[in-house]
Amino acid sequence: MIAKFDIPLGQLELAGRTIRYFDYPLGKAKIMPRRGVLPPANWKPRLDDRPLDERLPYPLDDLYKKELNQPFQPAQYKRNATALANYIRRGGKPDDIDRAKRLLVEQFGMLEALCVEDRDAVFVQNPFPWPNRNLSPGWVSAIVNAFAILGNIKMMEVAPGPEVARLTRRMADAYLLAHAEGEPPSGRWITYVDRGSNVWFDEYPQPDGEATLVLNGHIFAIHALYEAASHFSDERYLALATAGISTLRKTLPRFRCRGMRNHYSLRGIQRPDYLPIRTVKQQLELYKLTGDEFFRRMARRFRKDMSADFSAADNDHLETLEAKLRSRATKKRREGSAVGLIAGRVGLPLRTSIASWSEIWRARKDSNLRPPDS
């Protein structure tokens, strides 16, 4: 198995600190499939006086609509943007296509109303409290910005516009405003640099500057930054995404609970992850993106730990997905661009810069973080 110090290193400056990360050649792998989510078979675009969420392909979850009394749900924003974009891409009656595009614009307007500027970047605010995370109305989140970015990129594929592009770039810029552990926050933040110079994208940034280190939120932010980097050809976003992947390359085993569901987060409220299949699929997505065998191996370990949670259909789906991704990774290896594959040789050339850092990486443990809160 390839060692961490055999992966080329990159470097960026963030929160006044020098971050060295594993510089995976991410290439043009697509985490978000172009096709996939479609509206329900009987759905038709309508422009009437009903609330927007009742006219979109997928309504809000009860938590948002009934308990929080909110008209906007970040995850559904992405899902509906993807479904509408795929509906438009498939073609149909011109009037239906026009109405679907107008629904995209209407949904985007709801998002705009929740945006707040901070140091030339844009954060999506949550206008409700989150008591079990000690968050007051107006709190921001790496996963919320991520869902907005991912939804907007889908929208721009079929209905490009300067306002959408401008807002989406500024949402991605929010990840550049990192907060360093031990320093007082200088404003809103969703990116966190811990004392070990690991870059995290935090789902529940705390008012006192502490991070919760939620696995799911961190990975969705990686997706959003990667897609933003690809769409806007911005190397800054790509460096951030790769730094976030590098954090998991060093710390992912700490989320594992042998024989049980994985930890949802490393700090804050401790509880098992509520969606085991997502954990496994996200590791396979990282494997697809990087070609690094480490993530495929972790997917298998998580899957074994949580085997009681998976049905026969779940296991068949995961087996098929893994086999497909292994085939693609093998192809990448043959092209000389894969990382960490067991093939008797390293699939990446070493960079000259790594020589001076290899001994440092050898000596480091998988995590420099303090133990999770008890």
# chains A, B, ... in the order shown; residues from 1 in each chain; ligands from 1
>>> closest_atom_pairs(of="range 103-197 of chain A", to="range 208-213 of chain A", cutoff="12 Å", atoms="only C-alpha atoms", output="JSON lines")
{"residue": "A:Arg133", "atom": "CA", "partner": "A:Thr212", "partner_atom": "CA", "distance": 9.1}
{"residue": "A:Asn134", "atom": "CA", "partner": "A:Asp208", "partner_atom": "CA", "distance": 10.3}
{"residue": "A:Leu135", "atom": "CA", "partner": "A:Asp208", "partner_atom": "CA", "distance": 10.6}
{"residue": "A:Ser141", "atom": "CA", "partner": "A:Ala211", "partner_atom": "CA", "distance": 10.7}
{"residue": "A:Ala142", "atom": "CA", "partner": "A:Leu213", "partner_atom": "CA", "distance": 10.6}
{"residue": "A:Ile143", "atom": "CA", "partner": "A:Leu213", "partner_atom": "CA", "distance": 11.6}
{"residue": "A:Ala178", "atom": "CA", "partner": "A:Gly209", "partner_atom": "CA", "distance": 10.9}
{"residue": "A:His179", "atom": "CA", "partner": "A:Gly209", "partner_atom": "CA", "distance": 7.7}
{"residue": "A:Ala180", "atom": "CA", "partner": "A:Gly209", "partner_atom": "CA", "distance": 8.5}
{"residue": "A:Glu181", "atom": "CA", "partner": "A:Glu210", "partner_atom": "CA", "distance": 7.2}
{"residue": "A:Gly182", "atom": "CA", "partner": "A:Gly209", "partner_atom": "CA", "distance": 8.1}
{"residue": "A:Glu183", "atom": "CA", "partner": "A:Gly209", "partner_atom": "CA", "distance": 7.8}
{"residue": "A:Pro184", "atom": "CA", "partner": "A:Gly209", "partner_atom": "CA", "distance": 6.6}
{"residue": "A:Pro185", "atom": "CA", "partner": "A:Gly209", "partner_atom": "CA", "distance": 5.8}
{"residue": "A:Ser186", "atom": "CA", "partner": "A:Gly209", "partner_atom": "CA", "distance": 9.5}
{"residue": "A:Gly187", "atom": "CA", "partner": "A:Gly209", "partner_atom": "CA", "distance": 9.8}
{"residue": "A:Arg188", "atom": "CA", "partner": "A:Gly209", "partner_atom": "CA", "distance": 9.6}
{"residue": "A:Trp189", "atom": "CA", "partner": "A:Gly209", "partner_atom": "CA", "distance": 8.7}
{"residue": "A:Ile190", "atom": "CA", "partner": "A:Ala211", "partner_atom": "CA", "distance": 8.9}
{"residue": "A:Thr191", "atom": "CA", "partner": "A:Ala211", "partner_atom": "CA", "distance": 9.0}
{"residue": "A:Tyr192", "atom": "CA", "partner": "A:Ala211", "partner_atom": "CA", "distance": 7.0}
{"residue": "A:Val193", "atom": "CA", "partner": "A:Ala211", "partner_atom": "CA", "distance": 9.4}
{"residue": "A:Asp194", "atom": "CA", "partner": "A:Ala211", "partner_atom": "CA", "distance": 8.9}
{"residue": "A:Arg195", "atom": "CA", "partner": "A:Glu210", "partner_atom": "CA", "distance": 11.9}
>>> residues_around(residues="Leu68 in chain A", least_positions_apart="6", cutoff="12 Å", atoms="only C-alpha atoms", output="list in words")
Leu60, Asp61, Asp62, Asn126, Pro127, Phe128, Pro129, Trp130, Pro131 and Pro137 of chain A
>>> write_last_selection(atoms="C-alpha atoms", output="PDB file, in the first residue's frame")
ATOM      1  CA  LEU A  60     -39.819  20.300   2.065  1.00  0.00           C
ATOM      2  CA  ASP A  61     -39.280  17.742   4.789  1.00  0.00           C
ATOM      3  CA  ASP A  62     -41.682  17.942   7.719  1.00  0.00           C
ATOM      4  CA  ASN A 126     -30.300  29.915   8.717  1.00  0.00           C
ATOM      5  CA  PRO A 127     -33.115  32.101  10.103  1.00  0.00           C
ATOM      6  CA  PHE A 128     -34.008  29.681  12.904  1.00  0.00           C
ATOM      7  CA  PRO A 129     -32.246  28.553  16.092  1.00  0.00           C
ATOM      8  CA  TRP A 130     -30.627  25.150  16.422  1.00  0.00           C
ATOM      9  CA  PRO A 131     -30.874  24.545  20.187  1.00  0.00           C
ATOM     10  CA  PRO A 137     -30.965  32.529  14.236  1.00  0.00           C
TER      11      PRO A 137
END
>>> select_by_dssp(residues="range 10-243 of chain A", states="strand (DSSP E)", output="list in words")
Gly10, Gln11, Leu12, Glu13, Leu14, Arg17, Thr18, Ile19, Arg20, Tyr21, Phe22, Cys115, Val116, Glu117, Asp118, Ala121, Val122, Phe123, Val124, His179, Ala180, Thr191, Tyr192, Val193, Val199, Trp200 and Phe201 of chain A
>>> closest_residue(among="A:Cys257, A:Ile149, A:Leu321, A:Ala165", to="Tyr77 in chain A", atoms="only C-alpha atoms")
A:Ile149
>>> residues_around(residues="range 245-248 of chain A", least_positions_apart="4", cutoff="10 Å", atoms="only C-alpha atoms", output="PyMOL selection string")
chain A and resi 4+9+20-24+196-200+215+218-219+222+239-241+252-255+283+286+289-290+295+366-367
>>> write_last_selection(atoms="C-alpha atoms", output="short mmCIF file (atom, residue, chain, number, x, y, z; two decimals), in the first residue's frame")
data_model
loop_
_atom_site.label_atom_id
_atom_site.label_comp_id
_atom_site.auth_asym_id
_atom_site.auth_seq_id
_atom_site.Cartn_x
_atom_site.Cartn_y
_atom_site.Cartn_z
CA LYS A 4 1.22 9.00 2.72
CA LEU A 9 2.39 17.75 -1.62
CA ARG A 20 0.56 21.46 3.30
CA TYR A 21 -1.79 18.98 1.74
CA PHE A 22 -1.77 15.83 -0.37
CA ASP A 23 -1.97 17.14 -3.92
CA TYR A 24 -4.23 14.59 -5.58
CA GLY A 196 -2.38 20.40 13.42
CA SER A 197 -2.98 22.52 10.27
CA ASN A 198 -5.84 20.30 9.13
CA VAL A 199 -8.49 22.12 7.08
CA TRP A 200 -12.11 21.41 8.06
CA LEU A 215 -18.01 14.21 8.68
CA HIS A 218 -17.17 18.38 5.56
CA ILE A 219 -17.55 16.01 2.60
CA ILE A 222 -15.48 19.20 -0.61
CA ALA A 239 -6.65 23.63 -3.42
CA LEU A 240 -9.22 23.97 -0.63
CA ALA A 241 -11.07 20.84 -1.76
CA LEU A 252 -10.82 9.40 8.94
CA PRO A 253 -10.03 6.38 11.16
CA ARG A 254 -11.08 8.47 14.15
CA PHE A 255 -14.66 8.48 12.88
CA GLN A 283 -15.94 7.15 0.95
CA LEU A 286 -13.71 10.15 -2.50
CA LEU A 289 -12.33 11.45 -7.09
CA THR A 290 -8.79 10.67 -5.94
CA PHE A 295 -10.82 5.54 0.73
CA ASP A 366 -2.94 10.11 11.56
CA SER A 367 -4.27 13.01 13.63
#
>>> residues_around(residues="Gln73 in chain A", least_positions_apart="3", cutoff="10 Å", atoms="only C-alpha atoms", output="list in words")
Asp53, Pro59, Leu60, Asp61, Leu63, Tyr64, Lys65, Gln70, Gln76, Tyr77, Lys78, Arg79, Leu111, Asn126, Val144, Phe147 and Ala148 of chain A
>>> decode(residues="range 34-48 of chain A", atoms="all heavy atoms", output="PDB file, in the first residue's frame")
ATOM      1  N   ARG A  34     -24.371  14.008 -14.026  1.00  0.00           N
ATOM      2  CA  ARG A  34     -25.141  14.982 -14.796  1.00  0.00           C
ATOM      3  C   ARG A  34     -26.611  14.602 -14.813  1.00  0.00           C
ATOM      4  O   ARG A  34     -27.487  15.423 -14.716  1.00  0.00           O
ATOM      5  CB  ARG A  34     -24.595  15.054 -16.222  1.00  0.00           C
ATOM      6  CG  ARG A  34     -25.283  16.109 -17.065  1.00  0.00           C
ATOM      7  CD  ARG A  34     -24.595  16.281 -18.396  1.00  0.00           C
ATOM      8  NE  ARG A  34     -25.278  17.271 -19.196  1.00  0.00           N
ATOM      9  CZ  ARG A  34     -24.900  17.650 -20.402  1.00  0.00           C
ATOM     10  NH1 ARG A  34     -23.819  17.113 -20.936  1.00  0.00           N
ATOM     11  NH2 ARG A  34     -25.573  18.554 -21.074  1.00  0.00           N
ATOM     12  N   ARG A  35     -26.851  13.322 -14.967  1.00  0.00           N
ATOM     13  CA  ARG A  35     -28.220  12.832 -14.911  1.00  0.00           C
ATOM     14  C   ARG A  35     -28.400  12.067 -13.599  1.00  0.00           C
ATOM     15  O   ARG A  35     -27.450  11.771 -12.923  1.00  0.00           O
ATOM     16  CB  ARG A  35     -28.518  11.951 -16.119  1.00  0.00           C
ATOM     17  CG  ARG A  35     -28.214  12.672 -17.428  1.00  0.00           C
ATOM     18  CD  ARG A  35     -28.708  11.924 -18.637  1.00  0.00           C
ATOM     19  NE  ARG A  35     -28.284  12.599 -19.858  1.00  0.00           N
ATOM     20  CZ  ARG A  35     -28.912  13.632 -20.387  1.00  0.00           C
ATOM     21  NH1 ARG A  35     -29.986  14.105 -19.796  1.00  0.00           N
ATOM     22  NH2 ARG A  35     -28.481  14.194 -21.500  1.00  0.00           N
ATOM     23  N   GLY A  36     -29.602  11.771 -13.249  1.00  0.00           N
ATOM     24  CA  GLY A  36     -29.842  11.085 -11.995  1.00  0.00           C
ATOM     25  C   GLY A  36     -31.186  11.484 -11.434  1.00  0.00           C
ATOM     26  O   GLY A  36     -32.209  10.882 -11.748  1.00  0.00           O
ATOM     27  N   VAL A  37     -31.209  12.531 -10.610  1.00  0.00           N
ATOM     28  CA  VAL A  37     -32.454  12.955  -9.990  1.00  0.00           C
ATOM     29  C   VAL A  37     -33.366  13.587 -11.040  1.00  0.00           C
ATOM     30  O   VAL A  37     -32.985  14.516 -11.742  1.00  0.00           O
ATOM     31  CB  VAL A  37     -32.184  13.968  -8.859  1.00  0.00           C
ATOM     32  CG1 VAL A  37     -33.507  14.426  -8.242  1.00  0.00           C
ATOM     33  CG2 VAL A  37     -31.296  13.354  -7.798  1.00  0.00           C
ATOM     34  N   LEU A  38     -34.562  13.072 -11.124  1.00  0.00           N
ATOM     35  CA  LEU A  38     -35.593  13.618 -12.001  1.00  0.00           C
ATOM     36  C   LEU A  38     -36.844  13.891 -11.177  1.00  0.00           C
ATOM     37  O   LEU A  38     -37.027  13.312 -10.101  1.00  0.00           O
ATOM     38  CB  LEU A  38     -35.921  12.636 -13.121  1.00  0.00           C
ATOM     39  CG  LEU A  38     -34.894  12.502 -14.246  1.00  0.00           C
ATOM     40  CD1 LEU A  38     -35.199  11.275 -15.087  1.00  0.00           C
ATOM     41  CD2 LEU A  38     -34.894  13.755 -15.117  1.00  0.00           C
ATOM     42  N   PRO A  39     -37.719  14.765 -11.648  1.00  0.00           N
ATOM     43  CA  PRO A  39     -38.988  14.951 -10.943  1.00  0.00           C
ATOM     44  C   PRO A  39     -39.802  13.664 -10.935  1.00  0.00           C
ATOM     45  O   PRO A  39     -39.590  12.781 -11.777  1.00  0.00           O
ATOM     46  CB  PRO A  39     -39.694  16.041 -11.769  1.00  0.00           C
ATOM     47  CG  PRO A  39     -38.604  16.724 -12.527  1.00  0.00           C
ATOM     48  CD  PRO A  39     -37.585  15.663 -12.810  1.00  0.00           C
ATOM     49  N   PRO A  40     -40.735  13.524 -10.004  1.00  0.00           N
ATOM     50  CA  PRO A  40     -41.639  12.361 -10.035  1.00  0.00           C
ATOM     51  C   PRO A  40     -42.353  12.272 -11.383  1.00  0.00           C
ATOM     52  O   PRO A  40     -42.551  13.277 -12.076  1.00  0.00           O
ATOM     53  CB  PRO A  40     -42.618  12.654  -8.895  1.00  0.00           C
ATOM     54  CG  PRO A  40     -41.868  13.563  -7.975  1.00  0.00           C
ATOM     55  CD  PRO A  40     -40.989  14.405  -8.853  1.00  0.00           C
ATOM     56  N   ALA A  41     -42.737  11.071 -11.750  1.00  0.00           N
ATOM     57  CA  ALA A  41     -43.293  10.837 -13.095  1.00  0.00           C
ATOM     58  C   ALA A  41     -44.517  11.686 -13.391  1.00  0.00           C
ATOM     59  O   ALA A  41     -44.729  12.110 -14.534  1.00  0.00           O
ATOM     60  CB  ALA A  41     -43.628   9.347 -13.247  1.00  0.00           C
ATOM     61  N   ASN A  42     -45.341  11.960 -12.378  1.00  0.00           N
ATOM     62  CA  ASN A  42     -46.586  12.695 -12.616  1.00  0.00           C
ATOM     63  C   ASN A  42     -46.436  14.201 -12.381  1.00  0.00           C
ATOM     64  O   ASN A  42     -47.427  14.939 -12.406  1.00  0.00           O
ATOM     65  CB  ASN A  42     -47.708  12.145 -11.732  1.00  0.00           C
ATOM     66  CG  ASN A  42     -47.375  12.261 -10.249  1.00  0.00           C
ATOM     67  OD1 ASN A  42     -46.232  12.534  -9.886  1.00  0.00           O
ATOM     68  ND2 ASN A  42     -48.369  12.047  -9.400  1.00  0.00           N
ATOM     69  N   TRP A  43     -45.206  14.670 -12.158  1.00  0.00           N
ATOM     70  CA  TRP A  43     -45.002  16.095 -11.865  1.00  0.00           C
ATOM     71  C   TRP A  43     -45.011  16.923 -13.145  1.00  0.00           C
ATOM     72  O   TRP A  43     -44.479  16.511 -14.180  1.00  0.00           O
ATOM     73  CB  TRP A  43     -43.677  16.295 -11.133  1.00  0.00           C
ATOM     74  CG  TRP A  43     -43.381  17.738 -10.814  1.00  0.00           C
ATOM     75  CD1 TRP A  43     -43.791  18.438  -9.718  1.00  0.00           C
ATOM     76  CD2 TRP A  43     -42.612  18.640 -11.608  1.00  0.00           C
ATOM     77  NE1 TRP A  43     -43.322  19.737  -9.778  1.00  0.00           N
ATOM     78  CE2 TRP A  43     -42.600  19.885 -10.927  1.00  0.00           C
ATOM     79  CE3 TRP A  43     -41.930  18.533 -12.823  1.00  0.00           C
ATOM     80  CZ2 TRP A  43     -41.934  21.011 -11.421  1.00  0.00           C
ATOM     81  CZ3 TRP A  43     -41.275  19.651 -13.328  1.00  0.00           C
ATOM     82  CH2 TRP A  43     -41.274  20.872 -12.632  1.00  0.00           C
ATOM     83  N   LYS A  44     -45.611  18.112 -13.051  1.00  0.00           N
ATOM     84  CA  LYS A  44     -45.588  19.079 -14.141  1.00  0.00           C
ATOM     85  C   LYS A  44     -45.264  20.458 -13.571  1.00  0.00           C
ATOM     86  O   LYS A  44     -45.705  20.802 -12.463  1.00  0.00           O
ATOM     87  CB  LYS A  44     -46.945  19.144 -14.853  1.00  0.00           C
ATOM     88  CG  LYS A  44     -47.294  17.896 -15.643  1.00  0.00           C
ATOM     89  CD  LYS A  44     -46.402  17.753 -16.869  1.00  0.00           C
ATOM     90  CE  LYS A  44     -46.801  16.546 -17.698  1.00  0.00           C
ATOM     91  NZ  LYS A  44     -45.887  16.372 -18.863  1.00  0.00           N
ATOM     92  N   PRO A  45     -44.484  21.260 -14.281  1.00  0.00           N
ATOM     93  CA  PRO A  45     -44.180  22.617 -13.783  1.00  0.00           C
ATOM     94  C   PRO A  45     -45.425  23.488 -13.817  1.00  0.00           C
ATOM     95  O   PRO A  45     -46.128  23.543 -14.833  1.00  0.00           O
ATOM     96  CB  PRO A  45     -43.112  23.117 -14.762  1.00  0.00           C
ATOM     97  CG  PRO A  45     -43.317  22.315 -16.007  1.00  0.00           C
ATOM     98  CD  PRO A  45     -43.826  20.975 -15.563  1.00  0.00           C
ATOM     99  N   ARG A  46     -45.701  24.145 -12.702  1.00  0.00           N
ATOM    100  CA  ARG A  46     -46.881  25.000 -12.585  1.00  0.00           C
ATOM    101  C   ARG A  46     -46.476  26.360 -12.009  1.00  0.00           C
ATOM    102  O   ARG A  46     -45.644  26.442 -11.098  1.00  0.00           O
ATOM    103  CB  ARG A  46     -47.927  24.369 -11.666  1.00  0.00           C
ATOM    104  CG  ARG A  46     -48.478  23.034 -12.162  1.00  0.00           C
ATOM    105  CD  ARG A  46     -49.490  23.245 -13.279  1.00  0.00           C
ATOM    106  NE  ARG A  46     -50.122  21.985 -13.651  1.00  0.00           N
ATOM    107  CZ  ARG A  46     -49.751  21.216 -14.666  1.00  0.00           C
ATOM    108  NH1 ARG A  46     -48.700  21.592 -15.413  1.00  0.00           N
ATOM    109  NH2 ARG A  46     -50.384  20.095 -14.955  1.00  0.00           N
ATOM    110  N   LEU A  47     -47.078  27.400 -12.528  1.00  0.00           N
ATOM    111  CA  LEU A  47     -46.874  28.749 -12.005  1.00  0.00           C
ATOM    112  C   LEU A  47     -48.232  29.248 -11.533  1.00  0.00           C
ATOM    113  O   LEU A  47     -49.013  29.825 -12.289  1.00  0.00           O
ATOM    114  CB  LEU A  47     -46.305  29.672 -13.096  1.00  0.00           C
ATOM    115  CG  LEU A  47     -44.984  29.232 -13.726  1.00  0.00           C
ATOM    116  CD1 LEU A  47     -44.587  30.174 -14.859  1.00  0.00           C
ATOM    117  CD2 LEU A  47     -43.876  29.176 -12.677  1.00  0.00           C
ATOM    118  N   ASP A  48     -48.529  28.996 -10.259  1.00  0.00           N
ATOM    119  CA  ASP A  48     -49.814  29.413  -9.703  1.00  0.00           C
ATOM    120  C   ASP A  48     -49.574  30.028  -8.340  1.00  0.00           C
ATOM    121  O   ASP A  48     -48.435  30.354  -7.978  1.00  0.00           O
ATOM    122  CB  ASP A  48     -50.795  28.233  -9.650  1.00  0.00           C
ATOM    123  CG  ASP A  48     -50.203  27.008  -8.952  1.00  0.00           C
ATOM    124  OD1 ASP A  48     -49.492  27.193  -7.937  1.00  0.00           O
ATOM    125  OD2 ASP A  48     -50.450  25.874  -9.408  1.00  0.00           O
TER     126      ASP A  48
END
